[in-house]
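Colleague: Handing you this structure, nothing more for now.
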2 protein chains.
Amino acid sequence: MSSLDAAMTPEEFRRDGHALIDWIASYRAGVEQYPVLSKSSPGSILEALPASAPELPGDVTAILEDVETHLLPGIAHWQSPNWFGYFPSNSSEPSVLGDLLSSGLGVQGMLWSTSPACTELEMRMLDWTAEALGLPAHFRFDAPGPGGGVIQDTASSAVLACMVAAREQATGGVGNSQGLSQGSSPLVAYASAQSHSSIEKSARICGIGSRNLRLIETDEHLAMDPLALASVMNKDIADGCRPFFISATLGTTGTGAFDPLDSIAPLAKEHGCWLHVDAAMFGTAALCEEHRWMHAGVDQADSWSFNPHKWMGVTFDCSCLWLKDASLLVDSMSIMPEYLRNKATDSGGVVDYRDWHVQLGRRFRSLKLWFLYRVVGLEGLRAMVRKHVEITRELASWIEETDGFALAAPASLTLACFRHEAGDEATRAIMEAVNASGSMSLTHCEVGGRFVLRLAIGQWGTTRDHVRRGWDQISSVAKEVTSS
Amino acid sequence: MSSLDAAMTPEEFRRDGHALIDWIASYRAGVEQYPVLSKSSPGSILEALPASAPELPGDVTAILEDVETHLLPGIAHWQSPNWFGYFPSNSSEPSVLGDLLSSGLGVQGMLWSTSPACTELEMRMLDWTAEALGLPAHFRFDAPGPGGGVIQDTASSAVLACMVAAREQATGGVGNSQGLSQGSSPLVAYASAQSHSSIEKSARICGIGSRNLRLIETDEHLAMDPLALASVMNKDIADGCRPFFISATLGTTGTGAFDPLDSIAPLAKEHGCWLHVDAAMFGTAALCEEHRWMHAGVDQADSWSFNPHKWMGVTFDCSCLWLKDASLLVDSMSIMPEYLRNKATDSGGVVDYRDWHVQLGRRFRSLKLWFLYRVVGLEGLRAMVRKHVEITRELASWIEETDGFALAAPASLTLACFRHEAGDEATRAIMEAVNASGSMSLTHCEVGGRFVLRLAIGQWGTTRDHVRRGWDQISSVAKEVTSS
């Protein structure tokens with residue numbers, strides 16, 4: 001076989017593939033040996049890489065040497081059990097293998113007909129997941145009605161798709177056909193002041209504008225205040241605006257607050273708004289029955305999304321989105337050029353996922369979800385969830401017991417937010433010292449104008465010991481910072 | 001190690017990873033044994049899969065058995081050398097390994113600081129690629145000025161991002177801040193009648209509306225007619241509309257036509273329009289100097305995109321987008337909540353790719369591009385391109401020499417479009433018979449109201465023999481179809 005027949009022979013692929021699998025196994029087994037955060041300075045990796053692509057072929061061994069020499073120092077080790085920053089990005093081994101199979105098969109799932117298995121495994125995985133989370137049956141394909149789910153790349157894309165569908169529902173399709181520059185009543189969207197920045201980004205992209213997104217004030221637990229929402233909606237209607245979209249967050253990015261879906265849902269219904277649920281961060285907890293209190297009011301939701309690529313262990317990217325009536329999304333996204341026409345689509349009897357999001361082409365992403373379920377089972381996933389929730393409960397008690405520290409918000413599932421009584425500067429100095437030590441990662445947010453630290457638990461390998469050592473270090477650093 | 005410490009032990013990951021690598025190597029070595037297109041009927045795969053996720057753990061061996069039994073019959077084998085449908089989706093072995101490393105490392109590249117190597121390798125790969133394609137230096141990070149490139153998932157997302165940036169440039173940021181429902185002059189976009197459906201999809205999503213996208217008529221080669229463009233633009237201005245965006249296609253999806261960028265560019269300049277170039281399909285050809293005629297006029301382009309996940313051999317998804325002034329895109333996409341603030345970003349000295357597209361989270365996608373360059377070298381890529389172009393030239397001569405067949409448009413690089421003189425029904429019947437045979441895949445498009453077949457070459461393993469056998473079969477099927 002010459003290089004004109006393949007980029008690698010099967011023998012080369014086997015040899016180099018085994019070597020890479022071994023490399024990854026060793027990397028993960030030894031991930032705690034690296035500083036969790038990178039100490040690279042801007043441009044240093046760029047400079048270490050040649051200015052031009054190689055003319056001649058090379059081998060994978062040399063690439064892996066360069067990975068160790070040049071890339072690893074620039075990696076933040078998200079798979080470390082000492083990763084407590086931002087959110088867990090749990091790339092579990094089974095899902096790594098499922099995604100490898102996706103690349104290996106190299107199929108395009110844009111239409112049902114371009115690989116029926118890609119579409120139908122995804123449909124089944126979305127049904128499995130909806131059932132596993134205890135979501136309403138009307139989100140499933142295997143229940144009567146127009147509901148169903150889809151894998152989006154990110155929750156940002158998911159909320160954009162839903163906002164466009166809601167916009168088209170509100171305008172009767174005029175936004176898509178005529179554009180929004182028609183001078184009719186401004187469409188107005190609602191989310192809490194603690195909602196994710198992707199809501200505002202979507203409002204900008206789809207032409208609604210930041211001015212027409214109301215960021216509703218929150219209560220003492222940083223959850224949306226439904227009375228404030230009702231009041232703002234009434235004022236908007238009085239002012240000639242048209243409410244069309246509400247996003248409720250189950251687990252805000254900052255502090256893990258849960259908006260009261262059951263109080264928000266009646267307002268969405270009253271005003272004919274699309275009700276979207278952003279459970280990106282904490283939807284995974286609903287795998288366990290004891291956390292399904294978060295579903296109160298979910299029957300009224302038009303769409304519900306969460307990110308298996310966060311806590312649940314599916315390698316990025318995998319954001320699941322369910323629609324109560326998927327036809328509203330499909331109608332707002334579908335364009336049928338001649339080159340995509342096919343008998344299966346014309347029959348109306350198949351799902352063409354290209355009409356469920358911005359992109360046309362799509363990977364066989366459901367494989368990574370399938371591999372995870374098959375290898376670990378729901379029992380394994382629930383055990384992981386319960387372990388992390390239990391550790392976080394302990395962490396919250398340690399925080400409360402430690403002199404000088406206070407929780408800045410109630411600890412929420414696997415996220416604890418805290419600050420030091422010595423003030424914002426001291427709190428920031430603690431974060432910077434801890435992060436510079438290399439032994440863990442922390443990030444921050446703002447609560448009531450105060451600088452607050454976030455400790456987010458959720459990597460599969462994180463144990464009570466990791467968190468205990470982490471807290472001991474934070475306490476010890478705090479003493480140094482506040483005594484100096 | 002218990003299952004609470006990891007979803008798989010390192011030993012299990014090694015064993016199952018090796019097995020999967022071997023499975024993929026065998027699958028690819030034997031891909032020609034499968035019918036190229038799936039014969040599954042809708043719902044058959046869905047029914048073969050259990051209704052619920054398993055409670056208990058299982059093993060990868062059992063999954064791979066199910067892949068063979070239940071999934072492979074529902075796979076269209078895009079990696080077959082007999083794949084001639086839609087476009088090549090060349091998932092080369094080196095890029096499969098590069099993507100595996102991305103999953104294995106499991107890093108998030110949303111900000112420079114969340115893994116500097118993820119951002120800086122991507123910057124370097126975009127510079128390498130721009131140079132390898134002979135694109136203007138101003139698209140590169142290593143040249144002076146505000147240019148640079150980014151990996152998007154698909155060309156659809158790339159054009160949406162550019163259209164939003166252009167919209168904000170045209171409105172002075174008012175679209176983002178106030179929304180488009182202000183009753184000002186409608187913004188109008190332009191693309192050829194042969195342009196990709198993603199242009200219209202973007203116009204809908206970002207609130208411009210289909211009505212404000214002008215699909216300009218094409219010349220006899222199905223390329224945009226610049227005189228028609230000028231005329232429509234002048235009329236729009238006279239009617240009080242505001243031209244803001246032109247997309248020129250280099251290699252249309254239907255027939256591979258090239259819009260005359262050098263004649264379109266002056267019109268973009270005259271009217272202050274953003275000029276986007278969609279070279280998704282055929283940009284790869286510019287790796288070879290003899291195809292750089294397509295760059296005439298490129299100096300004027302504000303953005304230029306192509307899909308390495310098509311012909312070039314990078315496993316989906318990988319769409320490269322360059323901007324002459326990236327700050328226009330970044331300014332239109334950036335929102336900075338407190339929880340994403342960090343010193344590197346505040347310094348203004350780093351690239352945060354989350355501001356270059358819809359999504360926040362992002363994979364380490366540049367690894368799959370890097371592995372491909374390192375393993376194959378530019379010489380290997382150019383050899384692949386030249387092989388496919390040469391085969392297509394031969395194919396075009398065979399089509400012209402075969403009784404009853406005619407090219408429906410000039411053969412373009414690696415795409416030949418043809419029909420049978422017996423008419424549209426016969427032409428469609430030929431496609432259906434050939435596709436049903438399992439020995440190759442063909443798709444279709446419409447040219448001048450006629451049903452036309454497309455034969456797209458570009459899988460790495462496709463040789464002259466595959467195409468010759470394919471054409472012989474098409475000719476033979478045509479005789480049966482037209483004699484019955």
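Here, A, B, ... name the chains of the structure tokens in the order displayed, residue numbers run from 1 inside each chain, and ligands are numbered from 1 in the same displayed order.
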So that I can see what lies close to B:Arg15, please list as JSON, numbers by chain the residues with an atom at most 10 Å from it, counting only C-alpha atoms and leaving out residues fewer than 6 positions away in the same chain.
Modeller: {"A": [18, 21, 22], "B": [9, 60]}
Colleague: Output C-alpha atoms of each residue in that selection to a file, as a PDB file, in the first residue's frame.
Modeller:
```pdb
ATOM      1  CA  HIS A  18      -1.937   1.090  20.571  1.00  0.00           C
ATOM      2  CA  ILE A  21      -3.971   4.349  23.908  1.00  0.00           C
ATOM      3  CA  ASP A  22      -1.094   3.379  26.187  1.00  0.00           C
TER       4      ASP A  22
ATOM      5  CA  THR B   9      -9.035   1.006  35.240  1.00  0.00           C
ATOM      6  CA  VAL B  60     -16.648  -3.385  25.436  1.00  0.00           C
TER       7      VAL B  60
END
```
Colleague: Neighbouring residues of A:Arg382 were defined as those with any atom within 8 Å, considering only C-alpha atoms; residues of the same chain fewer than 4 positions away were excluded. Please report them as a list in words.
Modeller: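 Listed by chain and then number, they are Leu287, Cys288, Leu378 and Arg386 of chain A.
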Colleague: With only C-alpha atoms as the basis for distance, which of A:Leu20, A:Ala456, A:Leu395, A:Leu413 is at the shortest distance from A:Asp472?
Modeller: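 For A:Asp472, the nearest of the candidates is A:Leu395.
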Colleague: With distances taken over only C-alpha atoms, which residue among A:Ser247, A:Ser334, A:Asn82, A:Ser303 lies nearest A:Trp322?
Modeller: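 Result for the nearest residue to A:Trp322: A:Ser303.
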Colleague: May I have all residues of stretch 294-355 of chain B that DSSP, computed from the backbone, assigns to alpha helix (DSSP H), given as an mmCIF file with C-alpha atoms, in the first residue's frame?
Modeller:
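Written file, selection.cif:
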```
data_model
loop_
_atom_site.group_PDB
_atom_site.id
_atom_site.type_symbol
_atom_site.label_atom_id
_atom_site.label_comp_id
_atom_site.auth_asym_id
_atom_site.auth_seq_id
_atom_site.Cartn_x
_atom_site.Cartn_y
_atom_site.Cartn_z
ATOM 1 C CA ALA B 326 -10.590 39.274 13.855
ATOM 2 C CA SER B 327 -11.513 42.051 16.281
ATOM 3 C CA LEU B 328 -14.740 42.610 14.354
ATOM 4 C CA LEU B 329 -15.783 39.041 15.073
ATOM 5 C CA VAL B 330 -14.568 39.081 18.662
ATOM 6 C CA ASP B 331 -16.326 42.357 19.412
ATOM 7 C CA SER B 332 -19.595 40.977 18.113
ATOM 8 C CA MET B 333 -19.401 37.727 20.126
ATOM 9 C CA LYS B 343 -5.584 37.868 34.362
ATOM 10 C CA ALA B 344 -4.508 36.685 30.915
ATOM 11 C CA THR B 345 -7.745 37.891 29.323
ATOM 12 C CA ASP B 346 -7.625 41.177 31.216
ATOM 13 C CA SER B 347 -4.106 41.742 29.909
#
```
